[in-house]
Amino acid sequence: MIELDNNHRYLQLAFNNDLGMAMKVVPRIVRDPRIWVEAGTPFIKREGMRGVSWMARIYPGMVVADIKVADGAQGEVEMAAKAGAKAITVLGNSPVETLKLFIDECKSFGVLSMIDMIGVDDPLSVLRPLYTPPDIVVIHRGRDEETNRAKMIRYRHIAKIRSKYNVMISAAGGVDLHEARTAIFNGANIVVVNVVNPDDPWGGIVMTEDIQAVTQKFLETIA
């Protein structure tokens with residue numbers, strides 16, 4: 001089973017476009033155990049498991065399959081794990097039976113289980129019925145929510161979760177350098193930053209930037 005260090009901070013680079021974009025950027029990423037690479041949900045919908053397999057071949061570190069399991073946990077975890085993912089996501093508002101099976105299957109395949117709390121008002125209500133907590137809880141402001149300035153990443157949940165569960169916390173949703181600093185200050189272990197095209201409306205690291213320099217700034221910010 002993969003071991004995480006609760007004293008370390010991690011940068012997760014999310015790819016939500018297509019394989020062509022990933023091919024231009026992933027080889028430029030510094031090989032650092034603190035940097036994770038994510039096959040985002042739109043990426044997986046476009047490229048399928050072949051996209052996850054490509055990432056796992058090219059990037060030797062942590063590869064996250066943001067597949068957002070909603071049902072059929074057994075088959076979907078197996079699919080992503082066999083493609084080379086080392087961490088997999090499930091939706092927090094999935095049935096409790098799915099969440100329990102998902103966590104069990106992740107343990108069986110030796111991959112990290114991540115519950116994505118996008119759209120969940122109270123993460124504790126999701127975690128309470130589980131006899132085994134996930135490895136990681138993702139506090140997530142959705143991409144569509146980023147256009148609403150009143151919608152913030154709900155960091156207040158972090159302390160509540162930590163008071164009851166020994167899990168890692170990930171913060172996602174329009175994270176830039178300032179938001180990354182805020183996330184770590186509020187207790188997050190992992191910050192998720194989108195890799196975007198120059199004309200994309202969402203925040204993140206622009207693919208045409210100096211990827212090594214920008215990721216280094218993020219690593220220094222979250223250290």
# chains A, B, ... in the order shown; residues from 1 in each chain; ligands from 1

$ residues_around --residues "Ala65 in chain A" --least-positions-apart "3" --cutoff "6 Å" --atoms "only C-alpha atoms" --output "short mmCIF file (atom, residue, chain, number, x, y, z; two decimals) with all heavy atoms, in the first residue's frame"
data_model
loop_
_atom_site.label_atom_id
_atom_site.label_comp_id
_atom_site.auth_asym_id
_atom_site.auth_seq_id
_atom_site.Cartn_x
_atom_site.Cartn_y
_atom_site.Cartn_z
N ALA A 39 -5.20 12.67 -14.02
CA ALA A 39 -6.04 12.53 -15.20
C ALA A 39 -7.42 12.98 -14.78
O ALA A 39 -8.14 12.26 -14.06
CB ALA A 39 -6.05 11.09 -15.69
N ALA A 85 -3.25 3.84 -12.36
CA ALA A 85 -3.53 4.89 -11.36
C ALA A 85 -3.09 4.43 -9.98
O ALA A 85 -3.22 3.25 -9.64
CB ALA A 85 -5.02 5.22 -11.36
N ILE A 88 -7.53 7.05 -6.74
CA ILE A 88 -8.78 7.09 -7.50
C ILE A 88 -9.83 7.84 -6.69
O ILE A 88 -9.84 7.76 -5.46
CB ILE A 88 -9.27 5.65 -7.81
CG1 ILE A 88 -8.17 4.85 -8.53
CG2 ILE A 88 -10.54 5.68 -8.66
CD1 ILE A 88 -8.49 3.37 -8.68
#

$ residues_around --residues "Ile184 in chain A" --least-positions-apart "4" --cutoff "9 Å" --atoms "only C-alpha atoms" --output "ChimeraX atom specification"
/A:9,171,179-180,188-191,221-223

$ residues_around --residues "range 57-62 of chain A" --least-positions-apart "5" --cutoff "8 Å" --atoms "only C-alpha atoms" --output "ChimeraX atom specification"
/A:26-27,31-33,35-37,84-87

$ write_last_selection --atoms "all heavy atoms" --output "PDB file, in the first residue's frame"
ATOM      1  N   VAL A  26       3.284  17.117 -19.596  1.00  0.00           N
ATOM      2  CA  VAL A  26       3.737  16.138 -18.596  1.00  0.00           C
ATOM      3  C   VAL A  26       5.237  15.857 -18.687  1.00  0.00           C
ATOM      4  O   VAL A  26       5.917  15.806 -17.646  1.00  0.00           O
ATOM      5  CB  VAL A  26       2.916  14.835 -18.685  1.00  0.00           C
ATOM      6  CG1 VAL A  26       3.492  13.769 -17.755  1.00  0.00           C
ATOM      7  CG2 VAL A  26       1.450  15.096 -18.333  1.00  0.00           C
ATOM      8  N   PRO A  27       5.807  15.694 -19.886  1.00  0.00           N
ATOM      9  CA  PRO A  27       7.256  15.441 -19.934  1.00  0.00           C
ATOM     10  C   PRO A  27       8.105  16.592 -19.385  1.00  0.00           C
ATOM     11  O   PRO A  27       9.279  16.389 -19.049  1.00  0.00           O
ATOM     12  CB  PRO A  27       7.529  15.234 -21.434  1.00  0.00           C
ATOM     13  CG  PRO A  27       6.224  14.786 -22.003  1.00  0.00           C
ATOM     14  CD  PRO A  27       5.195  15.561 -21.222  1.00  0.00           C
ATOM     15  N   ARG A  31      10.454  15.662 -11.914  1.00  0.00           N
ATOM     16  CA  ARG A  31      10.166  14.427 -11.182  1.00  0.00           C
ATOM     17  C   ARG A  31      10.451  14.663  -9.708  1.00  0.00           C
ATOM     18  O   ARG A  31      11.593  14.646  -9.267  1.00  0.00           O
ATOM     19  CB  ARG A  31      11.031  13.291 -11.715  1.00  0.00           C
ATOM     20  CG  ARG A  31      10.480  12.522 -12.911  1.00  0.00           C
ATOM     21  CD  ARG A  31       9.728  13.357 -13.892  1.00  0.00           C
ATOM     22  NE  ARG A  31       9.269  12.577 -15.047  1.00  0.00           N
ATOM     23  CZ  ARG A  31       8.597  13.087 -16.046  1.00  0.00           C
ATOM     24  NH1 ARG A  31       8.270  14.372 -16.035  1.00  0.00           N
ATOM     25  NH2 ARG A  31       8.219  12.348 -17.062  1.00  0.00           N
ATOM     26  N   ASP A  32       9.403  14.926  -8.966  1.00  0.00           N
ATOM     27  CA  ASP A  32       9.511  15.242  -7.549  1.00  0.00           C
ATOM     28  C   ASP A  32       8.390  14.499  -6.838  1.00  0.00           C
ATOM     29  O   ASP A  32       7.236  14.576  -7.273  1.00  0.00           O
ATOM     30  CB  ASP A  32       9.364  16.765  -7.350  1.00  0.00           C
ATOM     31  CG  ASP A  32       9.623  17.222  -5.923  1.00  0.00           C
ATOM     32  OD1 ASP A  32       9.017  16.631  -4.997  1.00  0.00           O
ATOM     33  OD2 ASP A  32      10.400  18.171  -5.728  1.00  0.00           O
ATOM     34  N   PRO A  33       8.676  13.757  -5.759  1.00  0.00           N
ATOM     35  CA  PRO A  33       7.619  12.999  -5.083  1.00  0.00           C
ATOM     36  C   PRO A  33       6.494  13.864  -4.526  1.00  0.00           C
ATOM     37  O   PRO A  33       5.416  13.357  -4.203  1.00  0.00           O
ATOM     38  CB  PRO A  33       8.371  12.264  -3.963  1.00  0.00           C
ATOM     39  CG  PRO A  33       9.643  13.023  -3.778  1.00  0.00           C
ATOM     40  CD  PRO A  33       9.990  13.571  -5.121  1.00  0.00           C
ATOM     41  N   ILE A  35       5.068  16.169  -6.288  1.00  0.00           N
ATOM     42  CA  ILE A  35       4.209  16.549  -7.409  1.00  0.00           C
ATOM     43  C   ILE A  35       3.433  15.328  -7.891  1.00  0.00           C
ATOM     44  O   ILE A  35       4.018  14.306  -8.247  1.00  0.00           O
ATOM     45  CB  ILE A  35       5.031  17.140  -8.571  1.00  0.00           C
ATOM     46  CG1 ILE A  35       5.767  18.404  -8.117  1.00  0.00           C
ATOM     47  CG2 ILE A  35       4.115  17.467  -9.750  1.00  0.00           C
ATOM     48  CD1 ILE A  35       6.658  19.026  -9.185  1.00  0.00           C
ATOM     49  N   TRP A  36       2.117  15.435  -7.864  1.00  0.00           N
ATOM     50  CA  TRP A  36       1.236  14.390  -8.391  1.00  0.00           C
ATOM     51  C   TRP A  36       0.645  14.866  -9.717  1.00  0.00           C
ATOM     52  O   TRP A  36       0.477  16.065  -9.948  1.00  0.00           O
ATOM     53  CB  TRP A  36       0.091  14.108  -7.426  1.00  0.00           C
ATOM     54  CG  TRP A  36       0.516  13.616  -6.075  1.00  0.00           C
ATOM     55  CD1 TRP A  36       1.800  13.465  -5.605  1.00  0.00           C
ATOM     56  CD2 TRP A  36      -0.345  13.216  -5.002  1.00  0.00           C
ATOM     57  NE1 TRP A  36       1.789  12.995  -4.318  1.00  0.00           N
ATOM     58  CE2 TRP A  36       0.494  12.832  -3.918  1.00  0.00           C
ATOM     59  CE3 TRP A  36      -1.719  13.131  -4.854  1.00  0.00           C
ATOM     60  CZ2 TRP A  36      -0.027  12.385  -2.704  1.00  0.00           C
ATOM     61  CZ3 TRP A  36      -2.240  12.689  -3.650  1.00  0.00           C
ATOM     62  CH2 TRP A  36      -1.397  12.315  -2.590  1.00  0.00           C
ATOM     63  N   VAL A  37       0.324  13.927 -10.572  1.00  0.00           N
ATOM     64  CA  VAL A  37      -0.297  14.236 -11.861  1.00  0.00           C
ATOM     65  C   VAL A  37      -1.686  13.607 -11.890  1.00  0.00           C
ATOM     66  O   VAL A  37      -1.856  12.438 -11.515  1.00  0.00           O
ATOM     67  CB  VAL A  37       0.567  13.712 -13.026  1.00  0.00           C
ATOM     68  CG1 VAL A  37      -0.190  13.808 -14.338  1.00  0.00           C
ATOM     69  CG2 VAL A  37       1.873  14.501 -13.116  1.00  0.00           C
ATOM     70  N   GLY A  84      -2.936   1.837 -14.233  1.00  0.00           N
ATOM     71  CA  GLY A  84      -1.733   2.414 -13.646  1.00  0.00           C
ATOM     72  C   GLY A  84      -1.972   3.523 -12.647  1.00  0.00           C
ATOM     73  O   GLY A  84      -1.015   4.087 -12.108  1.00  0.00           O
ATOM     74  N   ALA A  85      -3.251   3.843 -12.359  1.00  0.00           N
ATOM     75  CA  ALA A  85      -3.529   4.886 -11.364  1.00  0.00           C
ATOM     76  C   ALA A  85      -3.091   4.427  -9.985  1.00  0.00           C
ATOM     77  O   ALA A  85      -3.219   3.254  -9.639  1.00  0.00           O
ATOM     78  CB  ALA A  85      -5.021   5.218 -11.356  1.00  0.00           C
ATOM     79  N   LYS A  86      -2.580   5.370  -9.200  1.00  0.00           N
ATOM     80  CA  LYS A  86      -2.174   5.063  -7.825  1.00  0.00           C
ATOM     81  C   LYS A  86      -3.124   5.685  -6.809  1.00  0.00           C
ATOM     82  O   LYS A  86      -2.987   5.470  -5.608  1.00  0.00           O
ATOM     83  CB  LYS A  86      -0.743   5.541  -7.588  1.00  0.00           C
ATOM     84  CG  LYS A  86       0.275   4.794  -8.449  1.00  0.00           C
ATOM     85  CD  LYS A  86       1.689   5.282  -8.201  1.00  0.00           C
ATOM     86  CE  LYS A  86       2.679   4.520  -9.082  1.00  0.00           C
ATOM     87  NZ  LYS A  86       4.068   5.024  -8.921  1.00  0.00           N
ATOM     88  N   ALA A  87      -4.067   6.493  -7.293  1.00  0.00           N
ATOM     89  CA  ALA A  87      -5.122   7.066  -6.448  1.00  0.00           C
ATOM     90  C   ALA A  87      -6.351   7.254  -7.331  1.00  0.00           C
ATOM     91  O   ALA A  87      -6.219   7.572  -8.522  1.00  0.00           O
ATOM     92  CB  ALA A  87      -4.684   8.397  -5.846  1.00  0.00           C
TER      93      ALA A  87
END

$ residues_around --residues "Val96 in chain A" --least-positions-apart "2" --cutoff "8 Å" --atoms "only C-alpha atoms" --output "short mmCIF file (atom, residue, chain, number, x, y, z; two decimals) with N, CA, C and O atoms, in the first residue's frame"
data_model
loop_
_atom_site.label_atom_id
_atom_site.label_comp_id
_atom_site.auth_asym_id
_atom_site.auth_seq_id
_atom_site.Cartn_x
_atom_site.Cartn_y
_atom_site.Cartn_z
N SER A 94 -22.33 9.70 -3.53
CA SER A 94 -22.69 8.36 -3.98
C SER A 94 -23.37 7.60 -2.84
O SER A 94 -23.21 7.95 -1.67
N THR A 98 -21.78 2.18 -2.18
CA THR A 98 -20.73 2.42 -3.17
C THR A 98 -19.46 2.92 -2.51
O THR A 98 -18.35 2.48 -2.84
N LEU A 99 -19.61 3.82 -1.54
CA LEU A 99 -18.44 4.37 -0.86
C LEU A 99 -17.68 3.28 -0.10
O LEU A 99 -16.45 3.21 -0.16
N LYS A 100 -18.42 2.43 0.61
CA LYS A 100 -17.77 1.35 1.36
C LYS A 100 -17.05 0.39 0.42
O LYS A 100 -15.90 -0.01 0.67
N VAL A 126 -21.10 12.32 5.24
CA VAL A 126 -20.66 11.28 4.31
C VAL A 126 -19.74 10.29 5.03
O VAL A 126 -19.81 9.08 4.82
N PRO A 129 -21.07 7.21 8.30
CA PRO A 129 -21.55 5.83 8.11
C PRO A 129 -20.46 4.85 7.68
O PRO A 129 -20.73 3.64 7.63
N LEU A 130 -19.27 5.32 7.37
CA LEU A 130 -18.23 4.44 6.86
C LEU A 130 -17.46 3.78 8.00
O LEU A 130 -16.99 4.45 8.91
#

$ closest_residue --among "A:Glu47, A:Glu97, A:Asp18, A:Glu76" --to "Val196 in chain A" --atoms "only C-alpha atoms"
A:Asp18
